[in-house]
Structure formats: C-alpha cells, structure tokens
Amino acid sequence: MVDLHAHTVFSDGLFTPEQLVVEARRRGLSAVGVADHDAVGGIKRAMVAGRQLGVEVVPAVELSCSVSGVDLHMLGYYVEFQDAELGAFVKDIRVHRAERGRLMVEKLQELGLKVTMDQVRSLAKDAAIGRPHVAQAMVDAGAVPNVEEAFKRYIGYEGPAYVPKKKLSPLEGVEFIRQYGGVAVVAHPGTYGNDEAVYQAIAAGVDGIEVWHPDHNANNVARYIEVAQKNHLLTTGGSDCHGGRKNGRIYLGEVRVPYELLAAVKKLAQERRKDSRGQGTKESSDS
Ligand code: AMP
Ligand code: FE
Ligand code: FE
Ligand code: ZN
C-alpha cells in the first residue's frame, strides 16, 4: 500500500524528508508521495533515504489554484523536480507567500496580538511560509491556545487577519504540471464546499482526482469514484500528513491506497515523457 500525499519541513510539515521516509517504513508503506506546497526541495533527500530504507519516494508538488474565490489544491506527480525553471517558478511563489505572511502578521498586530514576523521566519526557516507557521507563532506568543483556535478566530478564510494568496487558474496549474512532465491531480475535492471548482479543474484537463483523504467521508469517496469514472480520470489517495501539525496527529499511512493506483499514475507520466521525446523537445537531443 502507498500514501501519495505528505508534507515535510520544506512546506508546512513537521518531518524532515528523512524522518518522513523512516515513518513511512515504520508504518509499512511501500511508497510515499512527497507533496510540499510550492516546494520541491525535500524530494531528493527523501529519495536518498528511500533508497536506503526500501521505500519508493514519489516526487510531487502541491500548487494552490483559485476558482471564483475558492482555493483549489492541485497535485503534480512526477514533475521534473530538478528542472531549474520549475525551481525558479516555485521559488517566486514562496517569496510571495512570505510577503503575504508578513501582511497577516501586521493585521494580527493591529488586532493587538503579540506575534512577530521574526517568530514566523524562525519557525519556517526556508520553507514555503503558510498559515500553519503563522498559527504556530501565535500559539508560541501566547495569543491563542492552539493552532485550531488561530484558524478559527483569526486566519481562517473568514478570519479578520486572513490574507489571500495570489493563485493560479486551474488551467495554469494543469499547464505548469504538464510542462514539466507531471500528472495533475485535484487534491481533496471534498473540502471545497461545492464541486464547481472541481468541475473547472476537470475542464482544465486534470488527469486524476484524489478520492481517498482524511477529510473525505464515505459519501465523498463514492461520489468522487463516480466522477472519476465518468470523466476517465485516475484516482489517488493519501493522508495529507503534516507530521502532527494538524491537531497533533501524524496521519501518515492512515489513508493508504493500493500500489496499482500509483502504477497507473507512473505509467501515464512515462507515456507523457515518451511522447514529448517523440516530438523533439529538449530531451530528444540527448537520446
Ligand atoms: P496557506 O497555504 O498558507 O493558505 O495555508 C493552508 C494550509 O493550512 C493547509 O495546507 C493546511 O496545512 C493548513 N490548514 C488549513 N486549515 C486549517 C485548520 N483549520 N487547522 C489547521 N491547519 C489548517
Ligand atoms: Fe498544508
Ligand atoms: Fe492541500
Ligand atoms: Zn497537502
């Protein structure tokens, strides 16, 4: 079995890439997807650890898209994570995330909370700064008792200190992932409140849909299996493990799917690569 969705310290997870792989092995997973928000820096390290421990590491990235104000996450599996252009693109997004984090901290300060951007930065280090880092800094500053409360009262979508990120359209998300040889999958479709955004992503050409996720109930699972079948999409699943950042639970492997689902994703990624070689893109020059 495999868990195709996990985060590391390169975004808002708490595990280093090595710790994630150790944990994956401990939990009996044969593969784990490293899918950080707007970051690919953890993949290589996870792969090295994976080779040592016999855990297959699936390279991925989780991008934030937006459809009429709804935040839609898109997973890109098997993107060429060592490509310099791809690296520069996600780095730009991280710079924007840091700026947006600073704006949220300013709003919190205006509301009288004693939280500083220095605290956020020292928690996040070089990671893609996200609301979980801001929330943790708020907890550390004694402004709220826990991360959940920080989201509920201040930085959730309706909160007074929430600042939206610039986001891609679903089409831009799909195009970006395809451009770098990846397979695009709509993450946790059951969490967006309605399926309009999901349909937009399907119209934009995603290859798959994440059916199994901790935030999905049995109805969601049945529904998205059906949506996948109707639209000839691949299905994936994973725990979206943040290493205990979400209510202290680790989650890794709590949602796992058969290896065959990963095999289908991998096969599509390989076919894409073969096709692009046939069309004489940059890979053809060295083959
Ligand atoms: P951002 O990308 O900065 O907007 O932050 C979104 C991230 O915050 C998600 O990927 C989750 O990891 C986390 N998150 C969202 N809602 C909550 C919540 N209610 N409690 C804890 N973490 C959350
Ligand atoms: Fe996250
Ligand atoms: Fe997500
Ligand atoms: Zn995620």
# chains A, B, ... in the order shown; residues from 1 in each chain; ligands from 1
>>> closest_atom_pairs(of="chain A", to="ligand 1", cutoff="7 Å", atoms="only C-alpha atoms and all ligand atoms", output="CSV")
residue,atom,partner,partner_atom_place_in_ligand_line,distance
A:Asp12,CA,ligand 1,12 (O),6.2
A:Ile129,CA,ligand 1,3 (O),6.5
A:Gly130,CA,ligand 1,3 (O),3.1
A:Arg131,CA,ligand 1,3 (O),4.0
A:Pro132,CA,ligand 1,8 (O),5.1
A:Val147,CA,ligand 1,21 (C),5.9
A:Glu148,CA,ligand 1,20 (N),4.6
A:Phe151,CA,ligand 1,19 (N),5.2
A:Lys152,CA,ligand 1,19 (N),6.6
A:Gly156,CA,ligand 1,16 (N),6.6
A:Lys165,CA,ligand 1,4 (O),6.9
A:His242,CA,ligand 1,12 (O),6.8
A:Lys246,CA,ligand 1,21 (C),5.0
A:Asn247,CA,ligand 1,21 (C),7.0
>>> write_last_selection(atoms="N, CA, C and O atoms", output="PDB file, in the first residue's frame")
ATOM      1  N   ASP A  12       4.720  23.091   5.085  1.00  0.00           N
ATOM      2  CA  ASP A  12       4.181  23.229   6.435  1.00  0.00           C
ATOM      3  C   ASP A  12       4.107  21.908   7.198  1.00  0.00           C
ATOM      4  O   ASP A  12       3.324  21.775   8.130  1.00  0.00           O
ATOM      5  N   ILE A 129       6.272  29.552   3.420  1.00  0.00           N
ATOM      6  CA  ILE A 129       5.564  30.045   4.604  1.00  0.00           C
ATOM      7  C   ILE A 129       4.062  29.972   4.383  1.00  0.00           C
ATOM      8  O   ILE A 129       3.553  30.447   3.371  1.00  0.00           O
ATOM      9  N   GLY A 130       3.385  29.375   5.334  1.00  0.00           N
ATOM     10  CA  GLY A 130       1.939  29.242   5.227  1.00  0.00           C
ATOM     11  C   GLY A 130       1.273  29.602   6.527  1.00  0.00           C
ATOM     12  O   GLY A 130       1.934  29.859   7.548  1.00  0.00           O
ATOM     13  N   ARG A 131      -0.046  29.593   6.488  1.00  0.00           N
ATOM     14  CA  ARG A 131      -0.796  29.937   7.693  1.00  0.00           C
ATOM     15  C   ARG A 131      -0.456  29.038   8.882  1.00  0.00           C
ATOM     16  O   ARG A 131      -0.488  29.485  10.024  1.00  0.00           O
ATOM     17  N   PRO A 132      -0.103  27.745   8.663  1.00  0.00           N
ATOM     18  CA  PRO A 132       0.266  26.928   9.828  1.00  0.00           C
ATOM     19  C   PRO A 132       1.460  27.507  10.599  1.00  0.00           C
ATOM     20  O   PRO A 132       1.511  27.394  11.820  1.00  0.00           O
ATOM     21  N   VAL A 147      -3.377  25.845  17.500  1.00  0.00           N
ATOM     22  CA  VAL A 147      -3.412  26.179  16.077  1.00  0.00           C
ATOM     23  C   VAL A 147      -4.851  26.267  15.552  1.00  0.00           C
ATOM     24  O   VAL A 147      -5.205  27.185  14.800  1.00  0.00           O
ATOM     25  N   GLU A 148      -5.687  25.326  15.968  1.00  0.00           N
ATOM     26  CA  GLU A 148      -7.090  25.316  15.532  1.00  0.00           C
ATOM     27  C   GLU A 148      -7.755  26.656  15.833  1.00  0.00           C
ATOM     28  O   GLU A 148      -8.475  27.223  15.018  1.00  0.00           O
ATOM     29  N   PHE A 151      -6.790  29.490  13.561  1.00  0.00           N
ATOM     30  CA  PHE A 151      -7.540  29.467  12.301  1.00  0.00           C
ATOM     31  C   PHE A 151      -8.972  29.932  12.529  1.00  0.00           C
ATOM     32  O   PHE A 151      -9.502  30.743  11.773  1.00  0.00           O
ATOM     33  N   LYS A 152      -9.585  29.410  13.584  1.00  0.00           N
ATOM     34  CA  LYS A 152     -10.997  29.696  13.817  1.00  0.00           C
ATOM     35  C   LYS A 152     -11.224  31.181  14.068  1.00  0.00           C
ATOM     36  O   LYS A 152     -12.151  31.779  13.546  1.00  0.00           O
ATOM     37  N   GLY A 156      -8.419  31.860   9.475  1.00  0.00           N
ATOM     38  CA  GLY A 156      -9.246  31.051   8.569  1.00  0.00           C
ATOM     39  C   GLY A 156      -9.803  31.962   7.470  1.00  0.00           C
ATOM     40  O   GLY A 156      -9.688  33.186   7.558  1.00  0.00           O
ATOM     41  N   LYS A 165      -3.750  34.400  -0.971  1.00  0.00           N
ATOM     42  CA  LYS A 165      -2.542  34.341  -1.789  1.00  0.00           C
ATOM     43  C   LYS A 165      -2.950  34.616  -3.229  1.00  0.00           C
ATOM     44  O   LYS A 165      -4.097  34.414  -3.601  1.00  0.00           O
ATOM     45  N   HIS A 242       0.898  16.134   7.801  1.00  0.00           N
ATOM     46  CA  HIS A 242       1.725  17.311   8.088  1.00  0.00           C
ATOM     47  C   HIS A 242       2.626  17.031   9.295  1.00  0.00           C
ATOM     48  O   HIS A 242       3.099  17.950   9.963  1.00  0.00           O
ATOM     49  N   LYS A 246      -1.370  19.222  12.271  1.00  0.00           N
ATOM     50  CA  LYS A 246      -2.824  19.361  12.396  1.00  0.00           C
ATOM     51  C   LYS A 246      -3.297  18.569  13.609  1.00  0.00           C
ATOM     52  O   LYS A 246      -3.152  17.356  13.638  1.00  0.00           O
ATOM     53  N   ASN A 247      -3.841  19.227  14.579  1.00  0.00           N
ATOM     54  CA  ASN A 247      -4.286  18.674  15.871  1.00  0.00           C
ATOM     55  C   ASN A 247      -3.393  17.558  16.444  1.00  0.00           C
ATOM     56  O   ASN A 247      -3.873  16.589  17.026  1.00  0.00           O
TER      57      ASN A 247
END
>>> closest_atom_pairs(of="range 175-260 of chain A", to="range 23-31 of chain A", cutoff="8 Å", atoms="only C-alpha atoms", output="CSV")
residue,atom,partner,partner_atom,distance
A:Leu252,CA,A:Ala24,CA,7.0
A:Gly253,CA,A:Arg27,CA,6.5
A:Tyr259,CA,A:Ser30,CA,7.9
>>> residues_near_ligand(ligand="ligand 3", cutoff="7 Å", atoms="only C-alpha atoms and all ligand atoms", output="list in words")
Glu62, His73, Ala187 and His188 of chain A
>>> residues_near_ligand(ligand="ligand 2", cutoff="12 Å", atoms="only C-alpha atoms and all ligand atoms", output="ChimeraX atom specification")
/A:5-14,35-39,61-64,73,127-133,187-188,239-246
>>> select_by_dssp(residues="range 70-128 of chain A", states="helix (DSSP H, G or I)", output="ChimeraX atom specification")
/A:84-110,117-124
